[in-house]
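Student: What follows is entry01.pdb; its format and atoms are PDB, C-alpha atoms.
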```pdb
ATOM      1  CA  PHE A  20      49.280  38.766  86.851  1.00  0.00           C
ATOM      2  CA  ALA A  21      51.382  38.526  90.008  1.00  0.00           C
ATOM      3  CA  PRO A  22      52.115  41.985  91.471  1.00  0.00           C
ATOM      4  CA  ASP A  23      53.908  40.560  94.517  1.00  0.00           C
ATOM      5  CA  VAL A  24      56.583  38.901  92.342  1.00  0.00           C
ATOM      6  CA  GLU A  25      59.718  40.940  91.596  1.00  0.00           C
ATOM      7  CA  ARG A  26      60.348  40.804  87.838  1.00  0.00           C
ATOM      8  CA  ILE A  27      63.953  41.149  86.651  1.00  0.00           C
ATOM      9  CA  GLU A  28      64.551  41.451  82.913  1.00  0.00           C
ATOM     10  CA  LEU A  29      68.009  40.446  81.665  1.00  0.00           C
ATOM     11  CA  PRO A  30      68.348  41.257  77.952  1.00  0.00           C
ATOM     12  CA  ALA A  31      71.057  39.867  75.688  1.00  0.00           C
ATOM     13  CA  TRP A  32      73.569  42.136  73.983  1.00  0.00           C
ATOM     14  CA  ASP A  33      72.519  43.348  70.543  1.00  0.00           C
ATOM     15  CA  CYS A  34      75.937  42.439  69.142  1.00  0.00           C
ATOM     16  CA  LEU A  35      78.337  39.524  69.334  1.00  0.00           C
ATOM     17  CA  PRO A  36      81.074  39.373  71.974  1.00  0.00           C
ATOM     18  CA  TYR A  37      84.385  40.739  70.637  1.00  0.00           C
ATOM     19  CA  ASP A  38      82.520  42.438  67.792  1.00  0.00           C
ATOM     20  CA  ARG A  39      83.689  45.847  66.592  1.00  0.00           C
ATOM     21  CA  ALA A  40      80.373  47.382  67.619  1.00  0.00           C
ATOM     22  CA  SER A  41      79.569  47.866  71.269  1.00  0.00           C
ATOM     23  CA  PRO A  42      76.154  47.001  72.707  1.00  0.00           C
ATOM     24  CA  HIS A  43      73.611  49.822  72.749  1.00  0.00           C
ATOM     25  CA  PRO A  44      73.920  51.900  75.964  1.00  0.00           C
ATOM     26  CA  GLU A  45      70.263  51.296  76.868  1.00  0.00           C
ATOM     27  CA  ILE A  46      70.739  47.515  76.715  1.00  0.00           C
ATOM     28  CA  VAL A  47      73.916  47.733  78.774  1.00  0.00           C
ATOM     29  CA  SER A  48      72.046  49.884  81.297  1.00  0.00           C
ATOM     30  CA  ARG A  49      69.221  47.349  81.575  1.00  0.00           C
ATOM     31  CA  ARG A  50      71.702  44.450  81.942  1.00  0.00           C
ATOM     32  CA  VAL A  51      73.683  46.251  84.664  1.00  0.00           C
ATOM     33  CA  ASP A  52      70.476  47.017  86.535  1.00  0.00           C
ATOM     34  CA  ALA A  53      69.345  43.383  86.281  1.00  0.00           C
ATOM     35  CA  LEU A  54      72.704  41.953  87.375  1.00  0.00           C
ATOM     36  CA  ALA A  55      72.969  44.387  90.290  1.00  0.00           C
ATOM     37  CA  SER A  56      69.410  43.481  91.350  1.00  0.00           C
ATOM     38  CA  LEU A  57      70.262  39.780  91.212  1.00  0.00           C
ATOM     39  CA  ALA A  58      73.425  40.356  93.265  1.00  0.00           C
ATOM     40  CA  ALA A  59      71.479  42.251  95.931  1.00  0.00           C
ATOM     41  CA  LYS A  60      69.913  40.203  98.677  1.00  0.00           C
ATOM     42  CA  ALA A  61      66.383  39.180  97.835  1.00  0.00           C
ATOM     43  CA  LYS A  62      63.579  40.186 100.154  1.00  0.00           C
ATOM     44  CA  PRO A  63      62.440  36.963 101.880  1.00  0.00           C
ATOM     45  CA  ASP A  64      58.752  37.814 101.533  1.00  0.00           C
ATOM     46  CA  ARG A  65      58.942  38.694  97.822  1.00  0.00           C
ATOM     47  CA  PRO A  66      59.678  36.001  95.206  1.00  0.00           C
ATOM     48  CA  ARG A  67      61.669  36.815  92.065  1.00  0.00           C
ATOM     49  CA  ILE A  68      61.377  35.827  88.445  1.00  0.00           C
ATOM     50  CA  VAL A  69      64.040  36.441  85.818  1.00  0.00           C
ATOM     51  CA  LEU A  70      62.936  37.017  82.226  1.00  0.00           C
ATOM     52  CA  THR A  71      65.785  36.436  79.808  1.00  0.00           C
ATOM     53  CA  THR A  72      66.930  34.692  76.655  1.00  0.00           C
ATOM     54  CA  VAL A  73      69.269  31.787  75.990  1.00  0.00           C
ATOM     55  CA  ALA A  74      71.885  34.182  74.562  1.00  0.00           C
ATOM     56  CA  ALA A  75      71.795  36.296  77.735  1.00  0.00           C
ATOM     57  CA  VAL A  76      72.135  33.247  79.988  1.00  0.00           C
ATOM     58  CA  LEU A  77      75.126  31.928  78.045  1.00  0.00           C
ATOM     59  CA  GLN A  78      76.971  35.244  78.215  1.00  0.00           C
ATOM     60  CA  ARG A  79      79.653  35.500  80.881  1.00  0.00           C
ATOM     61  CA  VAL A  80      79.055  38.025  83.648  1.00  0.00           C
ATOM     62  CA  PRO A  81      81.252  39.438  86.423  1.00  0.00           C
ATOM     63  CA  PRO A  82      81.197  37.747  89.842  1.00  0.00           C
ATOM     64  CA  ARG A  83      78.399  38.613  92.253  1.00  0.00           C
ATOM     65  CA  ASP A  84      80.670  40.403  94.753  1.00  0.00           C
ATOM     66  CA  ILE A  85      81.712  42.951  92.100  1.00  0.00           C
ATOM     67  CA  TRP A  86      78.142  44.256  91.971  1.00  0.00           C
ATOM     68  CA  ALA A  87      77.875  44.543  95.735  1.00  0.00           C
ATOM     69  CA  LEU A  88      81.042  46.680  95.865  1.00  0.00           C
ATOM     70  CA  SER A  89      80.026  48.855  92.916  1.00  0.00           C
ATOM     71  CA  SER A  90      77.053  50.682  94.325  1.00  0.00           C
ATOM     72  CA  PHE A  91      76.824  54.219  95.672  1.00  0.00           C
ATOM     73  CA  VAL A  92      73.527  55.230  97.256  1.00  0.00           C
ATOM     74  CA  VAL A  93      72.760  58.947  97.398  1.00  0.00           C
ATOM     75  CA  SER A  94      69.887  59.928  99.685  1.00  0.00           C
ATOM     76  CA  ARG A  95      68.296  63.288 100.330  1.00  0.00           C
ATOM     77  CA  GLY A  96      69.656  64.871 103.516  1.00  0.00           C
ATOM     78  CA  ASP A  97      72.767  62.670 103.676  1.00  0.00           C
ATOM     79  CA  PRO A  98      76.270  64.132 103.899  1.00  0.00           C
ATOM     80  CA  ILE A  99      78.338  63.565 100.756  1.00  0.00           C
ATOM     81  CA  ASN A 100      81.817  64.392  99.546  1.00  0.00           C
ATOM     82  CA  LEU A 101      81.596  65.713  95.975  1.00  0.00           C
ATOM     83  CA  GLU A 102      85.090  64.458  95.112  1.00  0.00           C
ATOM     84  CA  ASP A 103      84.199  60.941  96.317  1.00  0.00           C
ATOM     85  CA  LEU A 104      81.064  60.994  94.155  1.00  0.00           C
ATOM     86  CA  ILE A 105      82.995  62.151  91.066  1.00  0.00           C
ATOM     87  CA  THR A 106      85.696  59.521  91.688  1.00  0.00           C
ATOM     88  CA  PHE A 107      83.034  56.796  91.988  1.00  0.00           C
ATOM     89  CA  LEU A 108      81.336  57.902  88.769  1.00  0.00           C
ATOM     90  CA  GLN A 109      84.585  57.961  86.797  1.00  0.00           C
ATOM     91  CA  ALA A 110      85.775  54.620  88.217  1.00  0.00           C
ATOM     92  CA  ASN A 111      82.475  53.004  87.225  1.00  0.00           C
ATOM     93  CA  GLY A 112      82.459  54.111  83.601  1.00  0.00           C
ATOM     94  CA  TYR A 113      80.398  57.305  83.647  1.00  0.00           C
ATOM     95  CA  VAL A 114      81.438  59.785  80.961  1.00  0.00           C
ATOM     96  CA  ARG A 115      81.680  63.402  82.043  1.00  0.00           C
ATOM     97  CA  VAL A 116      79.856  65.686  79.595  1.00  0.00           C
ATOM     98  CA  GLU A 117      78.493  69.234  79.475  1.00  0.00           C
ATOM     99  CA  THR A 118      74.841  68.129  79.256  1.00  0.00           C
ATOM    100  CA  VAL A 119      73.555  64.644  80.124  1.00  0.00           C
ATOM    101  CA  SER A 120      71.758  63.012  77.194  1.00  0.00           C
ATOM    102  CA  GLU A 121      71.937  59.223  77.707  1.00  0.00           C
ATOM    103  CA  ALA A 122      72.559  56.527  80.305  1.00  0.00           C
ATOM    104  CA  GLY A 123      76.100  56.462  81.630  1.00  0.00           C
ATOM    105  CA  GLU A 124      76.752  60.191  81.475  1.00  0.00           C
ATOM    106  CA  CYS A 125      77.284  62.750  84.214  1.00  0.00           C
ATOM    107  CA  ALA A 126      77.742  66.513  84.365  1.00  0.00           C
ATOM    108  CA  VAL A 127      79.098  68.555  87.256  1.00  0.00           C
ATOM    109  CA  ARG A 128      78.350  72.260  87.609  1.00  0.00           C
ATOM    110  CA  GLY A 129      79.325  73.635  90.997  1.00  0.00           C
ATOM    111  CA  GLY A 130      77.085  72.003  93.596  1.00  0.00           C
ATOM    112  CA  ILE A 131      74.827  70.366  91.004  1.00  0.00           C
ATOM    113  CA  VAL A 132      75.528  66.897  89.625  1.00  0.00           C
ATOM    114  CA  ASP A 133      73.418  65.538  86.780  1.00  0.00           C
ATOM    115  CA  VAL A 134      73.732  61.792  86.340  1.00  0.00           C
ATOM    116  CA  PHE A 135      71.896  59.227  84.213  1.00  0.00           C
ATOM    117  CA  PRO A 136      72.247  55.991  86.230  1.00  0.00           C
ATOM    118  CA  SER A 137      71.941  52.496  84.821  1.00  0.00           C
ATOM    119  CA  GLY A 138      68.437  51.091  84.963  1.00  0.00           C
ATOM    120  CA  ARG A 139      66.622  54.421  85.235  1.00  0.00           C
ATOM    121  CA  THR A 140      64.407  55.907  82.546  1.00  0.00           C
ATOM    122  CA  GLU A 141      65.231  59.502  83.497  1.00  0.00           C
ATOM    123  CA  PRO A 142      68.391  61.247  84.678  1.00  0.00           C
ATOM    124  CA  VAL A 143      68.695  62.552  88.231  1.00  0.00           C
ATOM    125  CA  ARG A 144      69.870  65.991  89.367  1.00  0.00           C
ATOM    126  CA  ILE A 145      71.713  65.895  92.693  1.00  0.00           C
ATOM    127  CA  ASP A 146      71.602  69.342  94.294  1.00  0.00           C
ATOM    128  CA  LEU A 147      74.162  69.858  97.040  1.00  0.00           C
ATOM    129  CA  PHE A 148      74.141  72.481  99.766  1.00  0.00           C
ATOM    130  CA  GLY A 149      77.696  72.416 101.037  1.00  0.00           C
ATOM    131  CA  ASP A 150      78.419  68.765 101.894  1.00  0.00           C
ATOM    132  CA  GLU A 151      74.760  67.715 102.171  1.00  0.00           C
ATOM    133  CA  VAL A 152      72.363  66.403  99.535  1.00  0.00           C
ATOM    134  CA  GLU A 153      69.633  69.063  99.500  1.00  0.00           C
ATOM    135  CA  SER A 154      67.428  67.499  96.807  1.00  0.00           C
ATOM    136  CA  LEU A 155      67.225  64.705  94.245  1.00  0.00           C
ATOM    137  CA  ARG A 156      65.068  65.405  91.202  1.00  0.00           C
ATOM    138  CA  THR A 157      64.422  63.623  87.942  1.00  0.00           C
ATOM    139  CA  PHE A 158      64.434  65.834  84.867  1.00  0.00           C
ATOM    140  CA  ASP A 159      63.553  65.871  81.186  1.00  0.00           C
ATOM    141  CA  LEU A 160      66.525  65.509  78.820  1.00  0.00           C
ATOM    142  CA  THR A 161      65.180  67.995  76.271  1.00  0.00           C
ATOM    143  CA  SER A 162      63.902  70.837  78.442  1.00  0.00           C
ATOM    144  CA  GLN A 163      66.127  70.150  81.502  1.00  0.00           C
ATOM    145  CA  ARG A 164      63.046  70.808  83.666  1.00  0.00           C
ATOM    146  CA  THR A 165      62.231  68.853  86.802  1.00  0.00           C
ATOM    147  CA  THR A 166      59.758  66.007  86.307  1.00  0.00           C
ATOM    148  CA  GLY A 167      59.698  64.591  89.837  1.00  0.00           C
ATOM    149  CA  LYS A 168      61.426  64.161  93.163  1.00  0.00           C
ATOM    150  CA  VAL A 169      63.116  61.063  94.561  1.00  0.00           C
ATOM    151  CA  GLU A 170      64.320  60.287  98.067  1.00  0.00           C
ATOM    152  CA  ALA A 171      67.314  58.183  97.035  1.00  0.00           C
ATOM    153  CA  VAL A 172      69.141  57.019  93.941  1.00  0.00           C
ATOM    154  CA  ASP A 173      71.333  53.926  93.609  1.00  0.00           C
ATOM    155  CA  LEU A 174      74.283  54.639  91.329  1.00  0.00           C
ATOM    156  CA  ARG A 175      75.592  51.499  89.654  1.00  0.00           C
ATOM    157  CA  PRO A 176      78.342  50.866  87.111  1.00  0.00           C
ATOM    158  CA  VAL A 177      77.718  51.755  83.482  1.00  0.00           C
ATOM    159  CA  SER A 178      79.347  48.634  82.091  1.00  0.00           C
ATOM    160  CA  GLU A 179      79.707  44.980  82.963  1.00  0.00           C
ATOM    161  CA  VAL A 180      83.441  45.296  82.322  1.00  0.00           C
ATOM    162  CA  ARG A 181      85.480  46.854  85.130  1.00  0.00           C
ATOM    163  CA  LEU A 182      88.454  48.885  83.950  1.00  0.00           C
ATOM    164  CA  ASP A 183      90.079  49.673  87.262  1.00  0.00           C
ATOM    165  CA  PRO A 184      93.888  49.342  87.638  1.00  0.00           C
ATOM    166  CA  ALA A 185      93.638  45.820  89.124  1.00  0.00           C
ATOM    167  CA  SER A 186      91.543  44.411  86.268  1.00  0.00           C
ATOM    168  CA  ALA A 187      93.606  46.232  83.636  1.00  0.00           C
ATOM    169  CA  ALA A 188      96.820  44.738  85.034  1.00  0.00           C
ATOM    170  CA  GLN A 189      95.276  41.263  84.879  1.00  0.00           C
ATOM    171  CA  TYR A 190      94.668  41.567  81.139  1.00  0.00           C
ATOM    172  CA  GLN A 191      97.799  43.472  80.176  1.00  0.00           C
ATOM    173  CA  TYR A 192      99.261  42.445  76.838  1.00  0.00           C
ATOM    174  CA  SER A 193     102.807  41.110  76.916  1.00  0.00           C
ATOM    175  CA  PRO A 194     104.364  39.927  73.651  1.00  0.00           C
ATOM    176  CA  ARG A 195     106.044  36.528  73.712  1.00  0.00           C
ATOM    177  CA  SER A 196     109.805  36.577  73.438  1.00  0.00           C
ATOM    178  CA  GLN A 197     111.064  34.767  70.388  1.00  0.00           C
TER     179      GLN A 197
END
```
Translate this file's structure into structure tokens.
Tutor:
Amino acid sequence: FAPDVERIELPAWDCLPYDRASPHPEIVSRRVDALASLAAKAKPDRPRIVLTTVAAVLQRVPPRDIWALSSFVVSRGDPINLEDLITFLQANGYVRVETVSEAGECAVRGGIVDVFPSGRTEPVRIDLFGDEVESLRTFDLTSQRTTGKVEAVDLRPVSEVRLDPASAAQYQYSPRSQ
């Protein structure tokens, strides 16, 4: 209908806040992608439209500056420190596993890092040659075979809730003295 308009979809959680069940990882991934896109500066020549629900609009979200600070762009040919990448992934909620199977997981095997970033439909394999990104490829979860190549990937947090030491200290439980 309007191909020049950037469409951002912000779904609501599929559970109630403070419920025992967590939202489905795919929904969380889509929300994180939408919120990070909204926090990024809009292109002046491209209008935006946000598709959402009342429940999603009423739900509290982290401040805009959190999203700007929580992005790690990996581009083919760029120098990268593997330890910095692993630290970023762990600090932003990625779970380290043997084999990546869903959004929010990462696997490290020597100079190869498999990661399933928020907002993507396929995981990405980051192939390092020393301290340089040699290639970025999408791959199939079942066969682990390459399905395409990408020039860059934007790694974003896995969750809307930051659990870094500063935010954990803010919400630390302290019993009242009686």
Student: Applied to the shown file, which residues does the PyMOL selection byres ((chain A and resi 69-75) around 12) return, written as a PDB file with C-alpha atoms, in the frame of the given file?
Tutor:
```pdb
ATOM      1  CA  VAL A  24      56.583  38.901  92.342  1.00  0.00           C
ATOM      2  CA  GLU A  25      59.718  40.940  91.596  1.00  0.00           C
ATOM      3  CA  ARG A  26      60.348  40.804  87.838  1.00  0.00           C
ATOM      4  CA  ILE A  27      63.953  41.149  86.651  1.00  0.00           C
ATOM      5  CA  GLU A  28      64.551  41.451  82.913  1.00  0.00           C
ATOM      6  CA  LEU A  29      68.009  40.446  81.665  1.00  0.00           C
ATOM      7  CA  PRO A  30      68.348  41.257  77.952  1.00  0.00           C
ATOM      8  CA  ALA A  31      71.057  39.867  75.688  1.00  0.00           C
ATOM      9  CA  TRP A  32      73.569  42.136  73.983  1.00  0.00           C
ATOM     10  CA  ASP A  33      72.519  43.348  70.543  1.00  0.00           C
ATOM     11  CA  CYS A  34      75.937  42.439  69.142  1.00  0.00           C
ATOM     12  CA  LEU A  35      78.337  39.524  69.334  1.00  0.00           C
ATOM     13  CA  PRO A  36      81.074  39.373  71.974  1.00  0.00           C
ATOM     14  CA  ILE A  46      70.739  47.515  76.715  1.00  0.00           C
ATOM     15  CA  VAL A  47      73.916  47.733  78.774  1.00  0.00           C
ATOM     16  CA  ARG A  49      69.221  47.349  81.575  1.00  0.00           C
ATOM     17  CA  ARG A  50      71.702  44.450  81.942  1.00  0.00           C
ATOM     18  CA  ALA A  53      69.345  43.383  86.281  1.00  0.00           C
ATOM     19  CA  LEU A  54      72.704  41.953  87.375  1.00  0.00           C
ATOM     20  CA  SER A  56      69.410  43.481  91.350  1.00  0.00           C
ATOM     21  CA  LEU A  57      70.262  39.780  91.212  1.00  0.00           C
ATOM     22  CA  PRO A  66      59.678  36.001  95.206  1.00  0.00           C
ATOM     23  CA  ARG A  67      61.669  36.815  92.065  1.00  0.00           C
ATOM     24  CA  ILE A  68      61.377  35.827  88.445  1.00  0.00           C
ATOM     25  CA  VAL A  76      72.135  33.247  79.988  1.00  0.00           C
ATOM     26  CA  LEU A  77      75.126  31.928  78.045  1.00  0.00           C
ATOM     27  CA  GLN A  78      76.971  35.244  78.215  1.00  0.00           C
ATOM     28  CA  ARG A  79      79.653  35.500  80.881  1.00  0.00           C
ATOM     29  CA  VAL A  80      79.055  38.025  83.648  1.00  0.00           C
TER      30      VAL A  80
END
```
Student: With the PyMOL selection byres ((chain A and resi 158) around 12) as the selection, what would be picked from this file? Answer as a ChimeraX atom specification, please.
Tutor: /A:119-120,133-135,139-145,155-157,159-169
Student: What do you get, as a PyMOL selection string, if you spell out every residue that the PyMOL selection byres ((chain A and resi 114) around 7) selects here?
Tutor: chain A and resi 109+112-113+115-116+123-125
Student: Take CA of Glu117 in chain A and CA of Ile105 in chain A and report the distance between them in Å, one decimal.
Tutor: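 Separating CA of Glu117 in chain A from CA of Ile105 in chain A is a distance of 14.3 Å.
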Student: Could you check the closest approach to Ile99 in chain A for each of A:Glu45, A:Asp146, A:Asp23, A:Asp52 and tell me which residue wins, using all atoms listed in the file?
Tutor: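 Distance minimum relative to Ile99 in chain A lands on A:Asp146.
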Student: Suppose you want the space between CA of Ala40 in chain A and CA of Ser137 in chain A; what is it in Å?
Tutor: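 So the two atoms, CA of Ala40 in chain A and CA of Ser137 in chain A, lie 19.8 Å apart.
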Student: For the atom pair CA of Ala58 in chain A and CA of Arg83 in chain A, what is the interatomic distance in Å to one decimal place?
Tutor: 5.4 Å
Student: Just checking: using all atoms listed in the file, which residue out of A:Ser48, A:Leu108, A:Glu102, A:Pro63 ends up closest to Gly129 in chain A?
Tutor: A:Glu102
Student: The centre and edge lengths of an axis-aligned box containing all atoms of range 83-89 of chain A present in the file, extended by 5 Å on each side, are to be given in Å to one decimal, as lines of an AutoDock Vina configuration file.
Tutor:
```
center_x = 79.8
center_y = 43.7
center_z = 93.9
size_x = 13.8
size_y = 20.2
size_z = 13.9
```
Student: Find the spatial neighbours of Asp97 in chain A, counting only C-alpha atoms, within a cut-off of 12 Å - ignore same-chain residues fewer than 4 positions away - and output them as an NGL selection string.
Tutor: :A and (92-93 or 145-155 or 170-172)
Student: Just checking: using only C-alpha atoms, which residue out of A:Ala55, A:Ala21, A:Ile131, A:Leu174 ends up closest to Pro82 in chain A?
Tutor: A:Ala55
Student: For a quick check of understanding, using only C-alpha atoms, which of A:Glu179, A:Asp103, A:Asp38, A:Asp84 has the smallest distance to Ala59 in chain A?
Tutor: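 Once distances to Ala59 in chain A are computed over only C-alpha atoms, the minimum belongs to A:Asp84.
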Student: Write out as a list in words the residues lying within 8 Å of Val51 in chain A, counting all atoms listed in the file and excluding same-chain residues fewer than 6 positions away.
Tutor: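 Near neighbours after the sequence-gap exclusion: Ser137, Gly138, Arg175, Pro176, Val177, Ser178 and Glu179 of chain A.
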